[in-house]
Each structure stands twice: as structure tokens, then as C-alpha cells.
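Data file: target19.cif. Format and content: mmCIF, C-alpha atoms and all ligand atoms.
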```cif
data_upload
#
loop_
_atom_site.label_atom_id
_atom_site.label_comp_id
_atom_site.auth_asym_id
_atom_site.auth_seq_id
_atom_site.Cartn_x
_atom_site.Cartn_y
_atom_site.Cartn_z
CA MET P 5 77.38 76.15 26.26
CA SER P 6 76.13 73.28 28.35
CA ALA P 7 73.46 70.60 28.41
CA VAL P 8 71.36 68.80 30.96
CA LEU P 9 70.37 65.14 30.70
CA ILE P 10 67.18 64.20 32.54
CA LEU P 11 66.94 60.55 33.51
CA HIS P 12 64.17 58.58 35.17
CA HIS P 13 64.42 55.66 37.55
CA HIS P 14 62.29 53.63 35.11
CA ASN P 15 64.88 53.89 32.31
CA GLN P 16 67.92 53.01 34.43
CA ALA P 17 68.87 50.11 32.13
CA GLN P 18 69.44 52.66 29.35
CA TRP P 19 71.45 55.23 31.30
CA PRO P 20 74.83 54.13 29.83
CA GLN P 21 73.51 54.74 26.28
CA LEU P 22 71.94 58.04 27.35
CA PHE P 23 75.26 59.17 28.87
CA GLY P 24 76.82 58.13 25.53
CA ALA P 25 74.31 60.36 23.69
CA VAL P 26 74.84 63.48 25.80
CA GLU P 27 78.63 63.08 25.62
CA GLN P 28 78.36 63.26 21.81
CA LEU P 29 77.34 66.92 22.19
CA SER P 30 80.98 67.55 23.25
CA GLN P 31 80.09 70.06 25.93
CA PRO P 32 79.84 70.02 29.72
CA PHE P 33 76.62 68.59 31.04
CA ASP P 34 74.63 68.11 34.24
CA VAL P 35 72.49 65.09 35.03
CA ILE P 36 69.16 65.16 36.85
CA VAL P 37 67.68 61.83 37.89
CA CYS P 38 63.96 61.71 38.66
CA ALA P 39 63.76 58.99 41.28
CA PRO P 40 61.80 58.34 44.47
CA GLN P 41 64.75 56.95 46.44
CA PRO P 42 68.30 58.26 46.97
CA LEU P 43 70.56 56.41 44.54
CA VAL P 44 74.15 56.51 43.41
CA VAL P 45 74.78 57.80 39.88
CA VAL P 46 78.18 57.53 38.25
CA ALA P 47 78.43 59.87 35.28
CA ASN P 48 81.10 62.00 33.61
CA ALA P 49 78.98 65.05 34.47
CA GLN P 50 79.81 68.37 36.10
CA ALA P 51 76.88 67.99 38.52
CA VAL P 52 74.48 65.16 39.33
CA MET P 53 71.17 65.95 41.01
CA ARG P 54 68.10 63.98 42.01
CA LEU P 55 64.55 65.21 41.83
CA PRO P 56 62.39 63.21 44.24
CA VAL P 57 59.35 61.96 42.32
CA SER P 58 56.66 59.36 42.77
CA ASP P 59 54.64 57.57 40.13
CA HIS P 60 51.61 59.62 41.24
CA ASP P 61 53.18 62.97 40.44
CA ASP P 62 51.57 65.25 37.91
CA PRO P 63 53.96 65.58 34.90
CA GLN P 64 53.21 69.33 34.82
CA ALA P 65 54.44 69.62 38.40
CA ILE P 66 57.58 67.61 37.61
CA ALA P 67 58.25 69.84 34.59
CA ARG P 68 57.83 72.96 36.74
CA ALA P 69 60.28 71.58 39.31
CA LEU P 70 62.81 70.86 36.54
CA LEU P 71 62.32 74.18 34.78
CA PRO P 72 64.83 76.41 36.64
CA HIS P 73 67.55 73.78 36.16
CA CYS P 74 66.81 73.48 32.44
CA GLN P 75 66.84 77.26 31.93
CA ARG P 76 70.54 77.28 32.81
CA HIS P 77 71.42 75.00 29.90
CA GLN P 78 71.32 75.41 26.16
CA GLN P 79 70.18 71.87 25.44
CA VAL P 80 67.87 69.59 27.43
CA LEU P 81 68.01 65.87 26.66
CA MET P 82 65.69 63.04 27.62
CA ALA P 83 65.15 59.50 26.34
CA ALA P 84 62.50 59.07 23.65
CA ASP P 85 60.53 56.74 25.91
CA PRO P 86 57.08 57.13 27.48
CA TYR P 87 58.45 59.46 30.20
CA GLY P 88 60.46 61.61 27.82
CA ARG P 89 57.61 61.77 25.33
CA GLU P 90 55.35 63.14 28.05
CA LEU P 91 57.74 65.37 29.99
CA LEU P 92 59.99 66.86 27.34
CA PRO P 93 57.27 68.55 25.22
CA LEU P 94 55.93 70.09 28.45
CA LEU P 95 59.41 71.38 29.28
CA ALA P 96 59.94 72.62 25.72
CA SER P 97 56.70 74.64 25.89
CA MET P 98 57.55 76.04 29.34
CA LEU P 99 61.03 76.96 28.11
CA ASP P 100 59.56 78.26 24.84
CA ARG P 101 62.16 76.31 22.87
CA PRO P 102 61.89 74.05 19.83
CA MET P 103 62.11 70.30 20.30
CA VAL P 104 63.88 67.79 18.06
CA SER P 105 62.43 64.36 18.74
CA GLU P 106 63.68 60.78 18.29
CA VAL P 107 67.30 61.75 17.61
CA THR P 108 69.38 58.72 16.59
CA ALA P 109 72.84 60.24 16.03
CA ILE P 110 74.72 63.21 17.48
CA ALA P 111 78.09 64.59 16.36
CA GLY P 112 78.63 67.82 18.31
CA GLN P 113 75.91 70.19 17.14
CA GLN P 114 74.98 68.05 14.09
CA TRP P 115 72.03 65.78 14.84
CA GLN P 116 70.13 63.18 12.88
CA ARG P 117 66.61 61.82 13.21
CA PRO P 118 64.40 59.63 11.02
CA ALA P 119 61.37 61.23 9.37
CA TRP P 120 58.48 59.99 7.27
CA ALA P 121 58.33 56.72 9.23
CA GLY P 122 62.05 56.23 8.74
CA ALA P 123 61.98 56.70 4.96
CA ILE P 124 64.41 59.64 5.18
CA GLU P 125 67.04 60.83 7.64
CA GLN P 126 66.79 64.49 8.63
CA GLN P 127 69.97 66.37 9.52
CA PHE P 128 69.90 69.28 11.98
CA ASP P 129 72.51 71.91 12.61
CA GLY P 130 71.88 72.84 16.24
CA ALA P 131 74.78 75.28 16.61
CA GLY P 132 73.73 78.25 18.73
CA ILE P 133 70.17 76.97 19.15
CA GLU P 134 68.56 76.53 22.57
CA CYS P 135 66.36 73.45 22.31
CA CYS P 136 65.15 70.14 23.73
CA LEU P 137 66.25 66.79 22.27
CA SER P 138 64.63 63.42 22.81
CA VAL P 139 67.08 60.66 21.94
CA ARG P 140 66.59 57.01 21.07
CA ALA P 141 68.91 55.32 23.56
CA SER P 142 69.31 52.29 21.34
CA GLY P 143 71.09 54.41 18.72
CA PHE P 144 74.01 55.24 21.00
CA ALA P 145 76.94 53.26 22.36
CA ALA P 146 77.17 52.95 26.13
CA THR P 147 79.79 55.17 27.70
CA ALA P 148 82.27 54.17 30.37
CA CYS P 149 81.74 56.38 33.42
CA ARG P 150 84.57 57.43 35.72
CA GLY P 151 84.26 57.80 39.48
CA ASP P 152 83.84 55.53 42.46
CA GLY P 153 80.10 56.12 42.79
CA SER P 154 80.26 56.68 46.53
CA ALA P 155 78.49 60.08 46.60
CA LEU P 156 74.73 60.48 46.38
CA PRO P 157 73.40 63.12 43.97
CA GLU P 158 72.43 66.50 45.37
CA GLN P 159 68.70 66.43 46.18
CA LEU P 160 66.48 69.01 44.50
CA LEU P 161 63.27 70.43 45.86
CA ALA P 162 60.46 67.93 45.15
CA ALA P 163 57.58 68.75 42.85
CA PRO P 164 54.44 69.71 44.84
CA ALA P 165 52.04 66.77 45.24
CA ALA P 166 49.22 66.57 42.71
CA THR P 167 45.96 67.98 44.02
CA ALA P 168 43.47 67.43 41.22
CA LEU P 169 44.68 64.57 39.10
CA VAL P 170 46.20 61.35 40.34
CA ARG P 171 47.63 59.05 37.73
CA GLN P 172 49.72 55.98 38.16
CA VAL P 173 52.20 54.87 35.54
CA GLN P 174 53.46 51.40 36.26
CA PRO P 175 55.97 49.67 34.03
CA LEU P 176 54.72 46.32 32.82
CA ALA P 177 55.58 43.57 35.30
CA SER P 178 56.85 40.58 33.34
CA ALA P 179 59.28 37.74 33.77
CA ARG P 180 60.48 38.34 30.20
CA PRO P 181 63.27 40.79 29.38
CA PRO P 182 62.10 44.35 28.65
CA LEU P 183 61.27 44.88 24.98
CA ALA P 184 63.50 47.96 24.69
CA THR P 185 66.67 46.20 25.87
CA ALA P 186 66.14 42.50 25.06
CA SER P 187 68.83 40.91 22.90
CA THR P 188 66.23 38.70 21.22
CA VAL P 189 62.75 39.94 20.34
CA ILE P 190 59.93 37.85 18.91
CA ALA P 191 57.51 40.14 17.12
CA VAL P 192 54.05 38.78 16.52
CA GLY P 193 51.86 39.84 13.63
CA ARG P 194 48.35 39.16 12.45
CA GLY P 195 49.58 35.88 10.95
CA VAL P 196 49.69 34.38 14.45
CA ALA P 197 46.01 33.64 14.64
CA THR P 198 45.18 30.76 16.97
CA ALA P 199 45.51 30.22 20.73
CA GLU P 200 47.64 27.18 19.96
CA GLN P 201 50.04 29.31 17.89
CA TRP P 202 50.26 31.88 20.70
CA GLN P 203 51.19 29.11 23.15
CA LEU P 204 53.98 28.03 20.82
CA VAL P 205 55.18 31.64 20.44
CA GLU P 206 55.39 31.95 24.22
CA ALA P 207 57.19 28.62 24.52
CA LEU P 208 59.63 29.77 21.82
CA ALA P 209 60.23 33.03 23.70
CA ASP P 210 60.88 31.06 26.90
CA LYS P 211 63.40 28.86 25.09
CA LEU P 212 65.23 31.81 23.56
CA GLY P 213 64.96 34.12 26.59
CA ALA P 214 63.25 36.57 24.26
CA ALA P 215 60.92 39.51 24.77
CA ILE P 216 57.60 39.44 22.92
CA GLY P 217 56.23 42.44 21.05
CA GLY P 218 53.60 42.89 18.40
CA THR P 219 52.32 44.85 15.45
CA ARG P 220 49.56 47.41 15.87
CA PRO P 221 46.70 45.13 14.76
CA VAL P 222 47.82 42.58 17.36
CA ILE P 223 47.78 45.30 20.04
CA ASP P 224 44.45 46.68 18.80
CA ALA P 225 42.99 43.19 19.03
CA GLY P 226 43.99 43.14 22.71
CA ALA P 227 46.32 40.16 22.32
CA LEU P 228 49.22 42.15 23.87
CA PRO P 229 49.30 45.31 26.02
CA SER P 230 49.96 48.57 24.19
CA GLU P 231 53.45 48.96 25.77
CA LEU P 232 54.51 46.02 23.61
CA GLN P 233 53.70 47.58 20.24
CA ILE P 234 56.74 47.83 17.99
CA GLY P 235 56.96 50.56 15.38
CA GLN P 236 56.52 54.19 14.57
CA THR P 237 53.81 54.72 17.17
CA GLY P 238 55.16 52.07 19.54
CA GLN P 239 58.58 51.08 20.80
CA LEU P 240 61.77 51.41 18.79
CA ILE P 241 63.93 48.38 19.38
CA ALA P 242 67.53 47.45 18.66
CA PRO P 243 67.89 43.75 19.51
CA GLN P 244 70.65 41.48 18.27
CA ARG P 245 67.97 39.18 16.87
CA TYR P 246 64.50 40.20 15.73
CA ILE P 247 62.18 37.32 14.80
CA GLY P 248 59.04 38.48 12.98
CA LEU P 249 56.25 35.92 12.85
CA GLY P 250 53.35 36.48 10.45
CA ILE P 251 54.21 40.16 9.90
CA SER P 252 53.83 41.82 6.51
CA GLY P 253 56.35 44.59 7.21
CA ALA P 254 54.38 47.82 6.84
CA THR P 255 56.51 51.00 6.88
CA GLN P 256 55.14 51.95 10.29
CA HIS P 257 56.30 48.63 11.77
CA MET P 258 59.67 48.71 9.99
CA ALA P 259 60.34 52.16 11.48
CA GLY P 260 60.66 50.46 14.85
CA ILE P 261 63.15 47.76 13.86
CA LYS P 262 65.68 49.70 11.83
CA GLN P 263 68.35 49.14 14.45
CA ALA P 264 67.86 45.38 14.77
CA GLU P 265 71.13 43.57 13.95
CA THR P 266 69.76 40.36 12.45
CA VAL P 267 66.24 40.12 11.10
CA ILE P 268 64.58 36.72 10.83
CA ALA P 269 61.10 36.49 9.32
CA VAL P 270 58.55 33.73 8.89
CA ASN P 271 55.63 34.34 6.55
CA GLN P 272 53.65 32.28 4.08
CA ASP P 273 54.03 35.14 1.61
CA GLY P 274 57.63 35.30 0.43
CA ALA P 275 57.00 38.66 -1.24
CA ALA P 276 55.98 40.42 2.01
CA PRO P 277 58.22 43.49 2.59
CA LEU P 278 59.63 42.10 5.85
CA MET P 279 60.65 38.91 4.03
CA GLN P 280 62.47 41.01 1.44
CA LEU P 281 64.37 42.92 4.11
CA ALA P 282 65.14 39.92 6.36
CA ASP P 283 68.61 38.42 6.72
CA PHE P 284 66.89 35.03 7.05
CA ALA P 285 63.44 34.55 5.53
CA LEU P 286 61.50 31.33 6.01
CA VAL P 287 58.51 30.92 3.70
CA GLY P 288 55.79 28.77 5.20
CA ASP P 289 52.67 28.43 7.31
CA LEU P 290 53.24 29.18 11.00
CA GLN P 291 50.82 26.39 11.82
CA GLN P 292 53.44 24.00 10.55
CA ILE P 293 56.65 25.98 11.21
CA LEU P 294 56.14 26.86 14.88
CA PRO P 295 55.98 23.20 16.07
CA GLU P 296 58.98 22.38 13.85
CA LEU P 297 60.99 25.24 15.34
CA MET P 298 60.15 24.07 18.86
CA GLU P 299 61.39 20.61 18.00
CA ILE P 300 64.67 21.81 16.48
CA LEU P 301 65.57 24.27 19.25
C1 LIG A 401 49.49 56.33 11.65
C2 LIG A 401 49.77 54.84 11.72
C3 LIG A 401 50.69 54.39 12.65
C4 LIG A 401 50.96 53.01 12.71
N1 LIG A 401 51.89 52.57 13.62
C5 LIG A 401 52.19 51.27 13.65
C6 LIG A 401 53.20 50.79 14.54
O1 LIG A 401 53.78 51.53 15.34
N2 LIG A 401 53.49 49.46 14.51
C7 LIG A 401 52.87 48.59 13.67
O2 LIG A 401 53.21 47.38 13.68
N3 LIG A 401 51.91 49.00 12.81
C8 LIG A 401 51.56 50.33 12.80
N4 LIG A 401 50.58 50.73 11.96
C9 LIG A 401 49.83 49.72 11.19
C10 LIG A 401 50.56 49.27 9.93
O3 LIG A 401 50.26 50.15 8.86
C11 LIG A 401 50.15 47.85 9.51
O4 LIG A 401 48.76 47.81 9.37
C12 LIG A 401 50.55 46.77 10.51
O5 LIG A 401 51.91 46.88 10.85
C13 LIG A 401 50.32 45.40 9.89
O6 LIG A 401 50.46 44.43 10.90
P1 LIG A 401 50.71 42.91 10.55
O7 LIG A 401 51.97 42.77 9.76
O8 LIG A 401 50.59 42.15 11.82
O9 LIG A 401 49.41 42.52 9.70
P2 LIG A 401 49.24 42.27 8.13
O10 LIG A 401 49.74 43.41 7.33
O11 LIG A 401 47.83 41.84 7.96
O12 LIG A 401 50.22 41.04 7.84
C14 LIG A 401 49.98 39.75 8.31
C15 LIG A 401 51.01 38.84 7.64
O13 LIG A 401 50.87 37.54 8.17
C16 LIG A 401 51.07 36.61 7.11
N5 LIG A 401 50.37 35.39 7.50
C17 LIG A 401 49.03 35.20 7.67
N6 LIG A 401 48.77 33.95 8.07
C18 LIG A 401 49.97 33.32 8.15
C19 LIG A 401 50.36 32.01 8.53
N7 LIG A 401 49.46 31.07 8.90
N8 LIG A 401 51.68 31.70 8.50
C20 LIG A 401 52.61 32.61 8.12
N9 LIG A 401 52.28 33.87 7.76
C21 LIG A 401 50.99 34.23 7.80
C22 LIG A 401 50.48 37.28 5.89
O14 LIG A 401 51.06 36.74 4.71
C23 LIG A 401 50.83 38.73 6.12
O15 LIG A 401 52.05 39.08 5.48
C24 LIG A 401 50.29 52.10 11.86
C25 LIG A 401 49.38 52.59 10.93
C26 LIG A 401 49.12 53.93 10.85
C27 LIG A 401 48.12 54.43 9.85
#
```
In C-alpha cells, what does this structure look like?
Amino acid sequence: MSAVLILHHHNQAQWPQLFGAVEQLSQPFDVIVCAPQPLVVVANAQAVMRLPVSDHDDPQAIARALLPHCQRHQQVLMAADPYGRELLPLLASMLDRPMVSEVTAIAGQQWQRPAWAGAIEQQFDGAGIECCLSVRASGFAATACRGDGSALPEQLLAAPAATALVRQVQPLASARPPLATASTVIAVGRGVATAEQWQLVEALADKLGAAIGGTRPVIDAGALPSELQIGQTGQLIAPQRYIGLGISGATQHMAGIKQAETVIAVNQDGAAPLMQLADFALVGDLQQILPELMEIL
């Protein structure tokens, strides 16, 4: 039995957690890094390879290039991020294997994932099953990797260049920390309504060194780009501090913050679900509270 972990140069900040996840399978594993440039990878793996890719590559072509390497392994792991969500289902269909998505805990061949927007935890017994797993990096502890990191990974044959479809996937360029890995996240809901309030939210984020994310209505309104949506159909975050401003706490939003360590919420409605769940809940109007917070901090 063996596994292969497929990484991408865009999720490098999460590699330690992804190594932690694959090690939980308690079996030998290979690592394939999809990256445009040669790069050093230190992992407790039996083999480390690099597939040369560019951001213009067709995901189908990347999946085809990865296929022969995945066929050799019982389990194929990727992060449950935009790349994994696109590539892994393609690989699963090419391999004709089932896929278990958004896995949050692994103990050998016993796996766990949230279902029904996080209302229940599903347990899987994967013993003897060939399948693909997408894992939420934030659910796993970073592993310590051995090795001096002096050797470059073996280079695999590149995927053929796209002929018909050219797409470019660029990670959001921002001076703020990435939403997925930030230690403090300010989440903005429909309760943040005025331009003046948005300015204060941004000033607060600057003061706290926080990432900013939002609820789906905020994204739908175009106030933030879609990459910054938090929740079931957005990003799943695990910050040390989550600060929810003017957010009711719908199940679909809560599904994305289950792994936040400390939840702070501000809402004029003390009975809102997020206020009930919060470690610190401040009842009040953001119009008044945001300037006060800026003064105190
Ligand atoms: C299939 C599906 C998937 C979805 N996926 C997601 C997802 O991934 N992420 C997500 O977030 N949502 C998702 N949603 C939407 C979700 O159901 C909720 O509609 C959404 O989360 C509500 O966003 P909100 O809290 O910003 O808005 P609201 O529910 O309208 O809450 C606004 C809150 O602001 C408070 N407020 C208003 N004014 C002030 C003020 N001046 N001061 C203080 N508080 C104030 C109100 O009391 C209220 O509690 C999904 C829905 C569906 C159907």
C-alpha cells in the first residue's frame, strides 16, 4: 500500500500541514509538486518529483500527465483548495476511483469529513479501497521533515501545452496575509453597510495584521472578490482569532469557521447564531463600535 501527495506551488505555505495529513495514513508515500521552476522539497517521502506546469496549462492535460504516477498508488491526496477541487475530481474520474472530499482527520485508514454543512461528521473506513482524498490542510498539524534539502526533485515529463483553451489562474495579489493561513481574520457580513464602515474595517485589519474575508452576500454584492468568501462554498479557515462583524451566522458560513480557535462577534442582534457561538460577543451597532474599537486598539 502506498499513497501519493500532489502539491502545487500556489499552496506552498500549507505543505507542512499537507505532509502531516499524508503521514497520518501510516504508509509510504511519494510527493509530486506541480511547479514551474525547479525547487527544493524536504519531505519524509520515498520519492519527490516535480511536474513542470504553468498557470496557462489545461487542468485536463495536467491530470493526464499525473495519471501514470497516481495509478501506482492506492490513495491520491491533494489539498481541498481551488487547485485540488479542480484537479482531483478529474484524476478520480480518469482513475475510475471514488473521491472523499474535504477530509479533516486521518487515523490510518479511518477518515473523517464534515457533511451537511458541518452539521455531522462522517466517518470512512478506507481499508483496501483505492481512492482520492482532498484534505483540509488547516485540520492537520505541521510535520517536521528530515533531510538537508539539497537535492532537487526528479523532473517529470511536462503536460502538453494547451491548444484550444487558455486560462489563467492568478492568486489574489494583496498586501494582507492570505485568508487561508492568517492568524487573525476579520470576516465582514451584510451588517457592514457603509463606505465609512468599510474604511474602518480596513484600518482595523491593518492594525491587527489581519486578513479580510466575507460572507456570501458581501461577495455577491461585489464588495470583496470571490476568493475571499468564507464558508461552505468558500474558504475554510482556521485562524487563531476570527472576528465576525455584522454576520448572522448562517450554517453555510459557520461551516467555514469550525476550526477557528477564538471567535469574536459584533452584532446588534445578540440572539444571532454567531453571537451564541462566539467566545466573545459584543452587542451593538457597528456604526458606533468600529470607531470605538479603533480608538482602543
Ligand atoms: C447553497 C448555499 C451555499 C452558501 N454558502 C455560503 C458560504 O460559503 N458562506 C457564506 O457566508 N454564506 C453562504 N451562503 C449564504 C448563507 O445562507 C447566508 O445567507 C449568509 O451567510 C448570510 O450572510 P450575512 O451574515 O452577511 O448576512 P445576514 O444573514 O443578513 O446577517 C447580517 C447581520 O448583520 C447584523 N447587522 C446589521 N446591521 C448591523 C449594524 N449596523 N451593526 C451590527 N450588526 C448589524 C444583523 O443583525 C444580522 O445578524 C450559502 C447559501 C446557500 C443556499
Pull the closest atom pair for each residue of chain P that gets at most 9 Å from ligand LIG 401 (chain A), along with the distance in Å to one decimal, counting only C-alpha atoms and all ligand atoms, ordering rows by chain and then ascending residue number, as a tab-separated table.
```
residue	atom	partner	partner_atom	distance
P:Ala121	CA	A:LIG401	C3	8.7
P:Ala191	CA	A:LIG401	O8	8.9
P:Val192	CA	A:LIG401	O8	6.7
P:Gly193	CA	A:LIG401	O8	3.2
P:Arg194	CA	A:LIG401	O8	3.8
P:Gly195	CA	A:LIG401	C17	3.4
P:Val196	CA	A:LIG401	C18	6.4
P:Ala197	CA	A:LIG401	N6	7.1
P:Gly218	CA	A:LIG401	O2	6.5
P:Thr219	CA	A:LIG401	O2	3.2
P:Arg220	CA	A:LIG401	C7	4.1
P:Pro221	CA	A:LIG401	O6	5.4
P:Val222	CA	A:LIG401	O8	6.2
P:Ile223	CA	A:LIG401	O2	8.6
P:Gln233	CA	A:LIG401	N2	6.0
P:Ile234	CA	A:LIG401	N2	5.0
P:Gly235	CA	A:LIG401	O1	3.3
P:Gln236	CA	A:LIG401	O1	3.9
P:Thr237	CA	A:LIG401	O1	3.7
P:Gly238	CA	A:LIG401	O1	4.5
P:Gln239	CA	A:LIG401	O1	7.3
P:Leu240	CA	A:LIG401	O1	8.7
P:Gly248	CA	A:LIG401	O7	8.9
P:Leu249	CA	A:LIG401	N9	6.8
P:Gly250	CA	A:LIG401	O13	3.5
P:Ile251	CA	A:LIG401	O7	3.4
P:Ser252	CA	A:LIG401	O15	3.4
P:Gly253	CA	A:LIG401	O7	5.4
P:Ala254	CA	A:LIG401	O5	4.8
P:Thr255	CA	A:LIG401	O3	6.6
P:Gln256	CA	A:LIG401	C5	4.5
P:His257	CA	A:LIG401	O2	3.8
P:Met258	CA	A:LIG401	O2	7.6
P:Ala259	CA	A:LIG401	O1	7.6
P:Gly260	CA	A:LIG401	O1	7.0
P:Val270	CA	A:LIG401	C20	6.1
P:Asn271	CA	A:LIG401	N9	3.6
P:Gln272	CA	A:LIG401	C20	4.2
P:Asp273	CA	A:LIG401	O14	4.6
P:Gly274	CA	A:LIG401	O14	8.0
P:Ala275	CA	A:LIG401	O15	8.4
P:Ala276	CA	A:LIG401	O15	5.4
P:Pro277	CA	A:LIG401	O15	8.1
P:Leu278	CA	A:LIG401	O15	8.2
P:Met279	CA	A:LIG401	O15	8.7
P:Val287	CA	A:LIG401	C20	7.6
P:Gly288	CA	A:LIG401	C20	5.8
P:Asp289	CA	A:LIG401	N8	3.6
P:Leu290	CA	A:LIG401	N8	3.9
P:Gln291	CA	A:LIG401	N7	5.7
P:Gln292	CA	A:LIG401	N8	8.2
P:Ile293	CA	A:LIG401	N8	8.0
```
Selection from above, C-alpha atoms, as a CSV table (one decimal), in the coordinates of the input, can you write it?
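The resulting part37.csv:
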```csv
chain,number,residue,atom,x,y,z
P,121,ALA,CA,58.3,56.7,9.2
P,191,ALA,CA,57.5,40.1,17.1
P,192,VAL,CA,54.0,38.8,16.5
P,193,GLY,CA,51.9,39.8,13.6
P,194,ARG,CA,48.4,39.2,12.4
P,195,GLY,CA,49.6,35.9,11.0
P,196,VAL,CA,49.7,34.4,14.4
P,197,ALA,CA,46.0,33.6,14.6
P,218,GLY,CA,53.6,42.9,18.4
P,219,THR,CA,52.3,44.8,15.4
P,220,ARG,CA,49.6,47.4,15.9
P,221,PRO,CA,46.7,45.1,14.8
P,222,VAL,CA,47.8,42.6,17.4
P,223,ILE,CA,47.8,45.3,20.0
P,233,GLN,CA,53.7,47.6,20.2
P,234,ILE,CA,56.7,47.8,18.0
P,235,GLY,CA,57.0,50.6,15.4
P,236,GLN,CA,56.5,54.2,14.6
P,237,THR,CA,53.8,54.7,17.2
P,238,GLY,CA,55.2,52.1,19.5
P,239,GLN,CA,58.6,51.1,20.8
P,240,LEU,CA,61.8,51.4,18.8
P,248,GLY,CA,59.0,38.5,13.0
P,249,LEU,CA,56.2,35.9,12.8
P,250,GLY,CA,53.4,36.5,10.4
P,251,ILE,CA,54.2,40.2,9.9
P,252,SER,CA,53.8,41.8,6.5
P,253,GLY,CA,56.4,44.6,7.2
P,254,ALA,CA,54.4,47.8,6.8
P,255,THR,CA,56.5,51.0,6.9
P,256,GLN,CA,55.1,52.0,10.3
P,257,HIS,CA,56.3,48.6,11.8
P,258,MET,CA,59.7,48.7,10.0
P,259,ALA,CA,60.3,52.2,11.5
P,260,GLY,CA,60.7,50.5,14.8
P,270,VAL,CA,58.6,33.7,8.9
P,271,ASN,CA,55.6,34.3,6.6
P,272,GLN,CA,53.6,32.3,4.1
P,273,ASP,CA,54.0,35.1,1.6
P,274,GLY,CA,57.6,35.3,0.4
P,275,ALA,CA,57.0,38.7,-1.2
P,276,ALA,CA,56.0,40.4,2.0
P,277,PRO,CA,58.2,43.5,2.6
P,278,LEU,CA,59.6,42.1,5.8
P,279,MET,CA,60.6,38.9,4.0
P,287,VAL,CA,58.5,30.9,3.7
P,288,GLY,CA,55.8,28.8,5.2
P,289,ASP,CA,52.7,28.4,7.3
P,290,LEU,CA,53.2,29.2,11.0
P,291,GLN,CA,50.8,26.4,11.8
P,292,GLN,CA,53.4,24.0,10.6
P,293,ILE,CA,56.6,26.0,11.2
```
With distances taken over only C-alpha atoms, which residue among P:Leu29, P:Met82, P:Ala49, P:Leu301 lies nearest P:Pro157? P:Ala49
Find the residues around P:Ile66 up to 10 Å (only C-alpha atoms counted), leave out those fewer than 2 positions away in its own chain, and share them as a ChimeraX atom specification. /P:38,55-58,61-64,68-71,91,94-95,162-166
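Rounded to one decimal, atom CA of P:Pro72 and atom CA of P:Gln114 lie 26.1 Å from each other.
For the pair atom CA of P:Leu99 and atom CA of P:Ala83, the interatomic distance is 18.0 Å.
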Pick the closest to P:Gln113 from P:Gln203, P:Asn48, P:Gln31, P:Ser230: which is it, counting only C-alpha atoms? P:Gln31
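The two atoms in question, atom CA of P:Leu81 and atom CA of P:Cys136, are spaced 5.9 Å apart.
Counting all atoms listed in the file and comparing P:Val35, P:Met298, P:Val52, P:Leu43, the residue that lies closest to P:Asp210 is P:Met298.
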May I have the centre and edge lengths, in Å to one decimal, of an axis-aligned box around the listed atoms of stretch 228-234 of chain P with 6 Å added to every side, as JSON?
```
{"center_x": 53.0, "center_y": 45.6, "center_z": 22.0, "size_x": 19.5, "size_y": 18.8, "size_z": 20.0}
```
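Among the candidates P:Gln280, P:His13, P:Ala96, P:Gln159, the residue lying nearest to P:Ala51 is P:Gln159 (atoms considered: all atoms listed in the file).
Using all atoms listed in the file, the nearest neighbour of P:Arg76 within the list P:Ala207, P:Val189, P:Ala7, P:Ala285 is P:Ala7.
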Would you kindly identify which residues have an atom no farther than 9 Å from (75.2, 61.1, 16.4), using all atoms listed in the file and the file's own coordinates, and write them out as a ChimeraX atom specification? /P:25,28-29,107-112,114-116,143-144
Determine, counting all atoms listed in the file, which protein, DNA and RNA residues have an atom within 10 Å of an atom of P:Ser6; residues of the same chain fewer than 4 positions away are not included. Present the result as a ChimeraX atom specification. /P:29-34,50,76-80
